[in-house]
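Shown below: my_file16.cif, with mmCIF, C-alpha atoms and all ligand atoms.
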data_structure
loop_
_atom_site.label_atom_id
_atom_site.label_comp_id
_atom_site.auth_asym_id
_atom_site.auth_seq_id
_atom_site.Cartn_x
_atom_site.Cartn_y
_atom_site.Cartn_z
CA MET A 658 -18.29 -0.96 15.67
CA PHE A 659 -15.05 -2.93 15.86
CA CYS A 660 -13.96 -5.46 18.43
CA MET A 661 -10.33 -4.87 19.25
CA CYS A 662 -10.14 -7.93 21.51
CA ASN A 663 -10.76 -10.34 18.65
CA PHE A 664 -8.36 -8.49 16.45
CA ASP A 665 -5.54 -8.60 19.00
CA LYS A 666 -5.87 -12.30 19.59
CA MET A 667 -6.05 -13.10 15.94
CA SER A 668 -3.21 -10.86 14.84
CA LEU A 669 -0.93 -12.30 17.51
CA ILE A 670 -1.52 -15.81 16.28
CA LEU A 671 -0.90 -14.67 12.72
CA ILE A 672 2.26 -12.75 13.60
CA GLU A 673 3.60 -15.80 15.40
CA THR A 674 2.78 -18.00 12.46
CA GLU A 675 4.71 -15.65 10.21
CA LEU A 676 7.72 -15.65 12.51
CA ASN A 677 7.81 -19.41 13.00
CA PHE A 678 9.27 -19.70 9.54
CA SER A 679 12.44 -18.16 10.86
CA PHE A 680 13.33 -21.35 12.71
CA SER A 681 14.05 -23.09 9.46
CA CYS A 682 16.44 -20.51 8.06
CA SER A 683 19.71 -22.09 9.03
CA ARG A 684 23.19 -21.82 7.44
CA LEU A 685 22.65 -18.31 6.13
CA LYS A 686 25.58 -15.89 6.35
CA TYR A 687 24.67 -12.59 7.92
CA ALA A 688 25.95 -10.09 10.49
CA GLN A 689 25.10 -10.91 14.09
CA PRO A 690 22.13 -8.87 15.33
CA SER A 691 22.68 -6.62 18.33
CA THR A 692 20.48 -5.70 21.28
CA GLN A 693 22.53 -2.54 21.85
CA THR A 694 23.12 -0.81 18.55
CA GLY A 695 20.77 0.28 15.83
CA ARG A 696 19.22 3.44 14.50
CA THR A 697 18.57 6.09 17.11
CA ASP A 698 17.14 8.81 14.85
CA ILE A 699 13.79 7.11 14.32
CA ASN A 700 11.29 5.00 16.27
CA ALA A 701 11.17 1.45 14.96
CA VAL A 702 8.12 0.26 16.88
CA THR A 703 4.53 1.47 17.28
CA ASN A 704 2.77 1.75 20.64
CA TRP A 705 0.95 -1.51 19.82
CA ASN A 706 4.32 -3.16 19.41
CA ALA A 707 4.24 -3.60 15.63
CA PRO A 708 7.44 -3.05 13.64
CA LEU A 709 7.87 0.36 12.07
CA VAL A 710 10.10 -0.48 9.12
CA TRP A 711 13.06 1.71 8.14
CA GLU A 712 16.32 1.05 6.35
CA GLY A 713 18.78 -0.28 8.92
CA THR A 714 16.14 -1.99 11.09
CA PHE A 715 16.26 -5.31 9.21
CA ASP A 716 18.75 -7.50 7.40
CA PRO A 717 17.45 -8.04 3.85
CA VAL A 718 19.11 -11.46 3.55
CA VAL A 719 17.52 -12.73 6.76
CA ILE A 720 14.07 -11.30 6.13
CA ASP A 721 13.87 -12.51 2.52
CA ALA A 722 14.95 -16.00 3.62
CA ILE A 723 12.23 -16.12 6.29
CA TYR A 724 9.48 -15.31 3.84
CA LYS A 725 10.98 -17.34 1.01
CA LYS A 726 10.32 -20.47 3.09
CA MET A 727 6.61 -19.74 2.67
CA ASP A 728 7.18 -18.88 -0.98
CA PRO A 729 4.14 -16.61 -0.92
CA ARG A 730 2.23 -15.56 -4.00
CA VAL A 731 1.92 -11.79 -4.10
CA ALA A 732 -0.74 -9.87 -6.03
CA VAL A 733 -0.08 -6.28 -7.04
CA VAL A 734 -3.36 -4.54 -7.79
CA VAL A 735 -2.99 -1.44 -9.94
CA PHE A 736 -5.29 0.78 -11.98
CA ALA A 737 -4.42 2.44 -15.27
CA VAL A 738 -7.60 4.09 -16.50
CA GLY A 739 -7.55 6.62 -19.35
CA LYS A 740 -4.21 8.32 -19.87
CA TYR A 741 -2.68 6.63 -16.82
CA THR A 742 -1.69 3.67 -19.04
CA ARG A 743 1.42 5.73 -19.85
CA PHE A 744 2.75 4.92 -16.37
CA LEU A 745 2.53 1.13 -16.74
CA LYS A 746 5.85 0.51 -18.49
CA ALA A 747 8.14 2.23 -15.98
CA PHE A 748 6.18 0.85 -13.03
CA ILE A 749 6.47 -2.75 -14.18
CA GLU A 750 10.02 -2.47 -15.49
CA THR A 751 11.31 -1.01 -12.23
CA GLY A 752 9.10 -3.39 -10.24
CA GLU A 753 10.89 -6.27 -11.93
CA LYS A 754 14.21 -4.81 -10.77
CA PHE A 755 13.28 -3.96 -7.18
CA PHE A 756 9.92 -5.33 -6.01
CA LEU A 757 10.12 -8.67 -4.18
CA VAL A 758 12.75 -9.97 -6.56
CA GLY A 759 12.81 -13.78 -6.56
CA PHE A 760 9.22 -14.02 -5.30
CA ASN A 761 6.04 -14.97 -7.16
CA VAL A 762 4.34 -11.76 -8.21
CA THR A 763 1.29 -11.16 -10.40
CA TYR A 764 0.39 -7.65 -11.53
CA TYR A 765 -3.40 -7.32 -11.82
CA ILE A 766 -3.74 -4.39 -14.18
CA HIS A 767 -7.22 -2.87 -14.17
CA THR A 768 -7.64 -0.81 -17.32
CA ASP A 769 -10.08 0.46 -19.93
CA ARG A 770 -7.32 0.37 -22.57
CA GLU A 771 -6.14 -3.24 -22.72
CA ASN A 772 -4.27 -2.62 -25.98
CA GLU A 773 -2.03 -0.11 -24.17
CA VAL A 774 -0.72 -2.63 -21.63
CA PRO A 775 2.97 -2.90 -22.54
CA LYS A 776 4.82 -6.14 -23.19
CA VAL A 777 7.49 -6.27 -20.51
CA THR A 778 9.90 -9.14 -19.97
CA LEU A 779 9.14 -10.55 -16.54
CA GLY A 780 11.23 -12.59 -14.13
CA LYS A 781 10.54 -16.24 -13.31
CA GLY A 782 7.30 -16.80 -11.40
CA ARG A 783 5.97 -13.40 -12.37
CA LYS A 784 3.08 -12.49 -14.65
CA ILE A 785 0.58 -9.87 -15.75
CA THR A 786 -3.19 -10.32 -15.66
CA THR A 787 -5.31 -7.67 -17.33
CA VAL A 788 -8.73 -6.89 -15.87
CA PRO A 789 -11.10 -4.72 -17.94
CA VAL A 790 -12.83 -1.86 -16.12
CA PRO A 791 -15.03 0.94 -17.47
CA SER A 792 -13.67 4.39 -18.36
CA ALA A 793 -14.35 7.31 -16.04
CA ASN A 794 -15.22 10.96 -16.41
CA ARG A 795 -13.96 11.99 -12.97
CA TRP A 796 -10.62 10.97 -11.46
CA GLN A 797 -12.39 10.74 -8.10
CA ASP A 798 -14.50 7.89 -9.53
CA VAL A 799 -11.39 5.90 -10.47
CA VAL A 800 -9.89 6.39 -7.03
CA LEU A 801 -13.11 5.41 -5.26
CA GLY A 802 -13.79 2.65 -7.76
CA ARG A 803 -10.49 0.97 -6.87
CA MET A 804 -12.05 -0.53 -3.75
CA LYS A 805 -15.02 -1.87 -5.63
CA TRP A 806 -13.03 -3.39 -8.50
CA ALA A 807 -10.34 -4.74 -6.21
CA THR A 808 -13.02 -6.41 -4.09
CA LEU A 809 -14.55 -8.00 -7.20
CA THR A 810 -11.18 -9.18 -8.56
CA ILE A 811 -10.23 -10.59 -5.16
CA GLU A 812 -13.46 -12.59 -4.99
CA LYS A 813 -13.23 -13.76 -8.60
CA THR A 814 -9.56 -14.64 -9.03
CA ILE A 815 -7.03 -13.28 -6.55
CA ARG A 816 -8.45 -15.29 -3.65
CA ASN A 817 -7.33 -18.51 -5.39
CA GLU A 818 -4.09 -17.11 -6.75
CA ALA A 819 -2.37 -15.09 -3.99
CA ASP A 820 -1.42 -15.06 -0.32
CA TYR A 821 -0.54 -11.37 0.01
CA LEU A 822 -1.81 -8.38 -1.84
CA PHE A 823 -0.50 -4.89 -2.45
CA MET A 824 -2.52 -2.02 -3.82
CA MET A 825 -0.41 0.68 -5.46
CA ASP A 826 -0.77 3.93 -7.38
CA ILE A 827 0.47 3.40 -10.94
CA ASP A 828 2.12 6.84 -11.28
CA SER A 829 5.13 5.57 -9.36
CA VAL A 830 8.53 4.03 -10.00
CA PHE A 831 10.70 1.78 -7.87
CA TYR A 832 14.17 3.14 -7.16
CA SER A 833 15.43 0.60 -4.67
CA ARG A 834 14.73 -2.68 -2.91
CA PHE A 835 11.14 -3.20 -1.73
CA GLY A 836 11.40 -6.65 -0.22
CA ALA A 837 9.86 -9.17 2.14
CA GLU A 838 10.20 -6.79 5.09
CA SER A 839 7.03 -5.20 3.71
CA LEU A 840 4.94 -8.35 4.05
CA SER A 841 2.54 -8.79 6.94
CA ARG A 842 -1.11 -9.46 7.74
CA LEU A 843 -1.84 -5.75 7.37
CA SER A 844 0.87 -3.34 6.17
CA ALA A 845 0.33 0.40 5.84
CA VAL A 846 2.68 3.18 4.77
CA LEU A 847 3.14 6.50 6.58
CA HIS A 848 2.23 9.42 4.33
CA ARG A 849 5.41 11.38 3.68
CA GLY A 850 3.67 14.70 4.37
CA TYR A 851 2.61 14.02 7.95
CA TYR A 852 5.04 11.54 9.50
CA LYS A 853 7.05 13.98 11.59
CA ASN A 854 5.72 16.37 14.24
CA THR A 855 2.14 16.59 12.93
CA PRO A 856 -0.33 16.67 15.82
CA ARG A 857 -3.20 14.25 15.25
CA GLU A 858 -5.79 17.03 15.02
CA LYS A 859 -3.90 18.36 11.97
CA PHE A 860 -4.06 15.06 10.04
CA PRO A 861 -6.20 15.47 6.89
CA TYR A 862 -8.70 12.87 8.13
CA GLU A 863 -12.36 13.25 7.23
CA ARG A 864 -13.76 15.62 9.85
CA ARG A 865 -17.43 15.74 8.92
CA PRO A 866 -19.44 13.40 11.18
CA GLU A 867 -21.86 12.75 8.29
CA SER A 868 -19.21 10.71 6.48
CA LYS A 869 -18.41 7.11 7.41
CA ALA A 870 -14.74 8.09 7.31
CA TYR A 871 -15.16 10.59 10.18
CA ILE A 872 -12.42 10.67 12.81
CA PRO A 873 -12.72 13.12 15.74
CA ALA A 874 -9.88 15.56 16.45
CA GLU A 875 -8.73 13.78 19.61
CA GLU A 876 -8.20 10.40 17.87
CA GLY A 877 -5.56 9.08 15.48
CA ASP A 878 -2.19 7.32 15.40
CA TYR A 879 -0.65 8.20 12.05
CA TYR A 880 -1.76 9.45 8.66
CA TYR A 881 -1.37 6.65 6.12
CA THR A 882 -1.20 6.96 2.35
CA ALA A 883 -3.64 5.08 0.14
CA ALA A 884 -1.06 4.87 -2.63
CA VAL A 885 0.73 1.78 -1.22
CA TRP A 886 -0.82 -0.64 1.24
CA GLY A 887 -1.29 -4.35 1.58
CA GLY A 888 -1.54 -7.53 3.55
CA TYR A 889 -3.58 -10.69 3.55
CA LEU A 890 -6.72 -10.70 1.42
CA GLY A 891 -8.71 -9.45 4.39
CA ASP A 892 -11.84 -7.42 4.78
CA MET A 893 -10.23 -4.01 4.45
CA TYR A 894 -11.03 -3.57 0.77
CA LYS A 895 -14.62 -4.62 1.22
CA TYR A 896 -14.94 -2.36 4.25
CA CYS A 897 -13.66 0.70 2.39
CA TYR A 898 -15.86 -0.08 -0.60
CA GLU A 899 -18.97 -0.48 1.54
CA MET A 900 -18.25 2.68 3.52
CA SER A 901 -17.74 4.73 0.38
CA GLU A 902 -21.02 3.34 -1.01
CA GLU A 903 -22.77 4.42 2.20
CA ASP A 904 -21.29 7.88 1.76
CA THR A 905 -22.53 8.02 -1.84
CA LYS A 906 -26.03 7.12 -0.65
CA ASN A 907 -25.81 9.96 1.85
CA LYS A 908 -24.54 12.32 -0.87
CA ILE A 909 -21.15 12.89 0.70
CA GLU A 910 -17.66 12.11 -0.65
CA ALA A 911 -14.85 11.71 1.86
CA VAL A 912 -12.24 14.48 1.65
CA TRP A 913 -9.48 12.15 0.32
CA GLN A 914 -11.76 9.45 -1.08
CA GLU A 915 -10.55 5.93 -0.27
CA GLU A 916 -7.57 7.29 1.68
CA SER A 917 -10.02 8.70 4.25
CA HIS A 918 -11.83 5.37 4.64
CA LEU A 919 -8.52 3.54 4.82
CA ASN A 920 -7.32 5.80 7.64
CA LYS A 921 -10.52 5.19 9.55
CA TYR A 922 -10.13 1.43 9.14
CA LEU A 923 -6.51 1.45 10.24
CA LEU A 924 -7.25 3.50 13.35
CA TYR A 925 -9.56 0.79 14.71
CA ASN A 926 -7.82 -2.19 13.11
CA LYS A 927 -4.16 -1.55 13.80
CA PRO A 928 -1.72 -2.61 11.07
CA THR A 929 0.67 -5.43 11.97
CA LYS A 930 3.49 -3.58 10.17
CA VAL A 931 3.88 0.12 9.56
CA LEU A 932 6.19 1.02 6.70
CA SER A 933 8.14 4.28 6.79
CA PRO A 934 7.78 6.83 3.95
CA GLU A 935 10.72 5.03 2.25
CA TYR A 936 7.86 2.85 0.96
CA LEU A 937 6.27 5.78 -0.82
CA TRP A 938 8.14 8.98 -1.35
CA SER A 939 7.45 11.61 -4.05
CA ASP A 940 9.65 13.09 -6.76
CA TYR A 941 8.09 16.45 -5.82
CA ASP A 942 9.78 16.49 -2.40
CA LYS A 943 13.40 16.61 -1.33
CA VAL A 944 14.59 13.65 0.67
CA PRO A 945 15.33 14.38 4.36
CA ALA A 946 18.16 12.76 6.36
CA ASP A 947 15.98 10.13 8.06
CA ILE A 948 14.90 8.70 4.70
CA LYS A 949 18.03 6.69 3.91
CA VAL A 950 16.51 4.96 0.89
CA VAL A 951 13.66 5.90 -1.42
CA ARG A 952 12.23 2.54 -2.47
CA ILE A 953 9.31 3.77 -4.56
CA SER A 954 8.31 7.30 -5.48
CA GLN A 955 5.38 9.11 -7.03
CA LEU A 956 6.27 10.71 -10.34
CA VAL A 957 5.88 14.37 -11.13
CA LYS A 958 2.86 14.59 -13.42
CA ASN A 959 0.75 17.19 -15.11
CA TYR A 960 -2.53 16.68 -13.24
CA ALA A 961 -4.54 18.85 -15.61
CA GLU A 962 -3.32 16.94 -18.65
CA VAL A 963 -3.48 13.37 -17.37
CA ARG A 964 -6.79 13.40 -15.46
CA PRO A 965 -10.11 13.33 -17.35
CA ASN A 966 -11.45 16.27 -15.31
CA GLY A 967 -8.09 17.92 -14.57
CA GLY A 968 -7.27 19.60 -11.30
CA HIS A 969 -5.86 18.23 -8.11
C1 LIG B 1 0.71 9.61 -2.70
C2 LIG B 1 -0.70 9.62 -2.31
O1 LIG B 1 -1.04 9.95 -1.19
N1 LIG B 1 -1.58 9.24 -3.27
C3 LIG B 1 -2.99 9.49 -3.13
C4 LIG B 1 -3.24 10.77 -3.87
O2 LIG B 1 -2.71 10.45 -5.15
P1 LIG B 1 -2.47 11.23 -6.45
O3 LIG B 1 -2.75 12.67 -6.30
O4 LIG B 1 -1.16 10.83 -6.94
O5 LIG B 1 -3.66 10.53 -7.28
P2 LIG B 1 -3.54 9.83 -8.69
O6 LIG B 1 -3.83 10.82 -9.73
O7 LIG B 1 -2.26 9.09 -8.78
O8 LIG B 1 -4.74 8.79 -8.59
C5 LIG B 1 -4.62 7.57 -7.87
C6 LIG B 1 -4.53 6.36 -8.81
O9 LIG B 1 -5.78 6.15 -9.44
C7 LIG B 1 -5.57 5.68 -10.78
N2 LIG B 1 -6.15 6.64 -11.74
C8 LIG B 1 -6.53 7.90 -11.36
C9 LIG B 1 -7.14 8.77 -12.25
C10 LIG B 1 -7.34 8.37 -13.58
O10 LIG B 1 -7.85 9.09 -14.44
N3 LIG B 1 -6.91 7.11 -13.95
C11 LIG B 1 -6.33 6.26 -13.07
O11 LIG B 1 -5.96 5.14 -13.45
C12 LIG B 1 -4.08 5.49 -10.96
O12 LIG B 1 -3.73 4.18 -10.59
C13 LIG B 1 -3.52 6.49 -9.97
O13 LIG B 1 -2.19 6.19 -9.61
O14 LIG B 1 -4.60 11.09 -3.82
C14 LIG B 1 -5.48 10.06 -4.35
C15 LIG B 1 -6.90 10.59 -4.30
O15 LIG B 1 -7.31 10.94 -3.03
C16 LIG B 1 -5.29 8.72 -3.64
O16 LIG B 1 -5.67 8.76 -2.27
C17 LIG B 1 -3.83 8.37 -3.75
O17 LIG B 1 -3.58 7.13 -3.18
MN MN B 2 -0.57 8.88 -7.50
#
Mind converting the file's structure to structure tokens?
Amino acid sequence: MFCMCNFDKMSLILIETELNFSFSCSRLKYAQPSTQTGRTDINAVTNWNAPLVWEGTFDPVVIDAIYKKMDPRVAVVVFAVGKYTRFLKAFIETGEKFFLVGFNVTYYIHTDRENEVPKVTLGKGRKITTVPVPSANRWQDVVLGRMKWATLTIEKTIRNEADYLFMMDIDSVFYSRFGAESLSRLSAVLHRGYYKNTPREKFPYERRPESKAYIPAEEGDYYYTAAVWGGYLGDMYKYCYEMSEEDTKNKIEAVWQEESHLNKYLLYNKPTKVLSPEYLWSDYDKVPADIKVVRISQLVKNYAEVRPNGGH
């Protein structure tokens, strides 16, 4: 279904294009990089030679300067449907403190309650665009609908307004720097629950062959979260949307909705950067020693109260 050869060639060209910007970052003051020392408690590279990003594997000054040369426009696509508008204020306020500070960022807030979008003072080059979407009776429909609405907003506006895009859960707050080290053609975040010692057959991938998100037990690299992911405005959103529509036609819903389709996509279209669970932790879980920094975290919430049809 996918042609890896084309992907490899294309991604290499794109990675090189991204890195070429580094040649112009002269006269910056930073510690000399070493070929001998670095973190030894984690693996900082995938088996397709993409960076696996952890605190201590990059110099924030250097990496921000590289990407600043491009001065990219970054779109943050979020959904706040129904009672989830309550999460907007903290998300945006902390985003202004920690998310790509100094870069051009637009928050595309998809909501059915436009009057509940808070007025937050934003930094220079940053703005909020509100996109109306219908209300939902099932939380699953919001989660699945994200792909559809994101695809529509990309086609209508984001395509002309942004270079990179991030899709994020709104029930999250930033606690620490989330900078240009996260930018790439296709960036995906390791799910905090399965990043250590989980054999691939235990990943919560979709296992029913009837679903388009099906992954057999003997395949898989990592289990990625759907709550933070991004990259260029590529085909991934459209792919996940179309696959979930196919599933609906066949009267099946993937076990973890869009997350299942996303994991399928990323298995056959390898991300050009993999971000460690620093890039999405959870306030429910204690922080282990290898997570040196929690950059963004899912809030503790009362599922039954906040979701239209309760439950988890
Ligand atoms: C950390 C993580 O792995 N997150 C995943 C997990 O999240 P969660 O269990 O945290 O799901 P969630 O309740 O946060 O829903 C995902 C997102 O959909 C939006 N929303 C949802 C319901 C609603 O009534 N209104 C609304 O606006 C909102 O932006 C929210 O952040 O499971 C979901 C469903 O499978 C998605 O895969 C999430 O990405
Ligand atoms: Mn969430």
Exercise. Any idea what's packed within 9 Å of Tyr880 in chain A, counting only C-alpha atoms, ignoring anything in its chain fewer than 6 positions away? Could you give it as a list of chain:residue names?
Worked result: A:Val846, A:Leu847, A:His848, A:Arg849, A:Gly850, A:Tyr851, A:Tyr852, A:Arg857, A:Phe860, A:Pro861, A:Tyr862, A:Asn920
Can you write out the residues you just picked, keeping C-alpha atoms, as a short mmCIF file (atom, residue, chain, number, x, y, z; two decimals), keeping the file's coordinate frame?
data_model
loop_
_atom_site.label_atom_id
_atom_site.label_comp_id
_atom_site.auth_asym_id
_atom_site.auth_seq_id
_atom_site.Cartn_x
_atom_site.Cartn_y
_atom_site.Cartn_z
CA VAL A 846 2.68 3.18 4.77
CA LEU A 847 3.14 6.50 6.58
CA HIS A 848 2.23 9.42 4.33
CA ARG A 849 5.41 11.38 3.68
CA GLY A 850 3.67 14.70 4.37
CA TYR A 851 2.61 14.02 7.95
CA TYR A 852 5.04 11.54 9.50
CA ARG A 857 -3.20 14.25 15.25
CA PHE A 860 -4.06 15.06 10.04
CA PRO A 861 -6.20 15.47 6.89
CA TYR A 862 -8.70 12.87 8.13
CA ASN A 920 -7.32 5.80 7.64
#
Problem set entry | Surroundings of ligand MN 2 (chain B) up to 10 Å, based on only C-alpha atoms and all ligand atoms, as a count of residues only | 17
For this session: Quick one: everything within 10 Å of range 768-770 of chain A, counting only C-alpha atoms, minus sequence neighbours fewer than 2 positions away in the same chain. Send it as an MDAnalysis selection string.
Result: chainID A and resid 735:742 765:766 772:774 787:793
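The spacing separating atom C7 of ligand LIG 1 (chain B) from CA of Trp938 in chain A amounts to 17.0 Å.
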Exercise. If you count all atoms listed in the file, which residues fall within 12 Å of Gly780 in chain A, apart from same-chain ones fewer than 4 positions away, as a PyMOL selection string?
Worked result: chain A and resi 749-763+784-785
Since fewer atoms than expected are present, regenerate N, CA and C atoms for range 947-962 of chain A and write them as a tab-separated table (two decimals), in the coordinates of the input.
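Result written to result.tsv:
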chain	number	residue	atom	x	y	z
A	947	ASP	N	16.46	11.40	7.47
A	947	ASP	CA	15.98	10.13	8.06
A	947	ASP	C	15.45	9.16	7.01
A	948	ILE	N	15.27	9.63	5.79
A	948	ILE	CA	14.90	8.70	4.70
A	948	ILE	C	16.20	8.29	4.01
A	949	LYS	N	16.73	7.14	4.42
A	949	LYS	CA	18.03	6.69	3.91
A	949	LYS	C	17.91	6.12	2.50
A	950	VAL	N	16.74	5.61	2.19
A	950	VAL	CA	16.51	4.96	0.89
A	950	VAL	C	15.11	5.31	0.40
A	951	VAL	N	15.00	5.75	-0.83
A	951	VAL	CA	13.66	5.90	-1.42
A	951	VAL	C	13.43	4.62	-2.22
A	952	ARG	N	12.44	3.84	-1.82
A	952	ARG	CA	12.23	2.54	-2.47
A	952	ARG	C	11.28	2.68	-3.64
A	953	ILE	N	10.27	3.52	-3.47
A	953	ILE	CA	9.31	3.77	-4.56
A	953	ILE	C	8.86	5.22	-4.40
A	954	SER	N	8.62	5.87	-5.54
A	954	SER	CA	8.31	7.30	-5.48
A	954	SER	C	7.24	7.66	-6.50
A	955	GLN	N	6.40	8.58	-6.11
A	955	GLN	CA	5.38	9.11	-7.03
A	955	GLN	C	6.04	10.03	-8.03
A	956	LEU	N	5.67	9.88	-9.29
A	956	LEU	CA	6.27	10.71	-10.34
A	956	LEU	C	5.66	12.10	-10.36
A	957	VAL	N	6.42	13.04	-10.86
A	957	VAL	CA	5.88	14.37	-11.13
A	957	VAL	C	4.98	14.22	-12.35
A	958	LYS	N	3.75	14.70	-12.26
A	958	LYS	CA	2.86	14.59	-13.42
A	958	LYS	C	2.06	15.87	-13.60
A	959	ASN	N	1.58	16.04	-14.80
A	959	ASN	CA	0.75	17.19	-15.11
A	959	ASN	C	-0.70	16.78	-14.85
A	960	TYR	N	-1.18	17.10	-13.66
A	960	TYR	CA	-2.53	16.68	-13.24
A	960	TYR	C	-3.59	17.07	-14.26
A	961	ALA	N	-3.50	18.34	-14.71
A	961	ALA	CA	-4.54	18.85	-15.61
A	961	ALA	C	-4.56	18.06	-16.91
A	962	GLU	N	-3.40	17.62	-17.35
A	962	GLU	CA	-3.32	16.94	-18.65
A	962	GLU	C	-3.71	15.47	-18.55
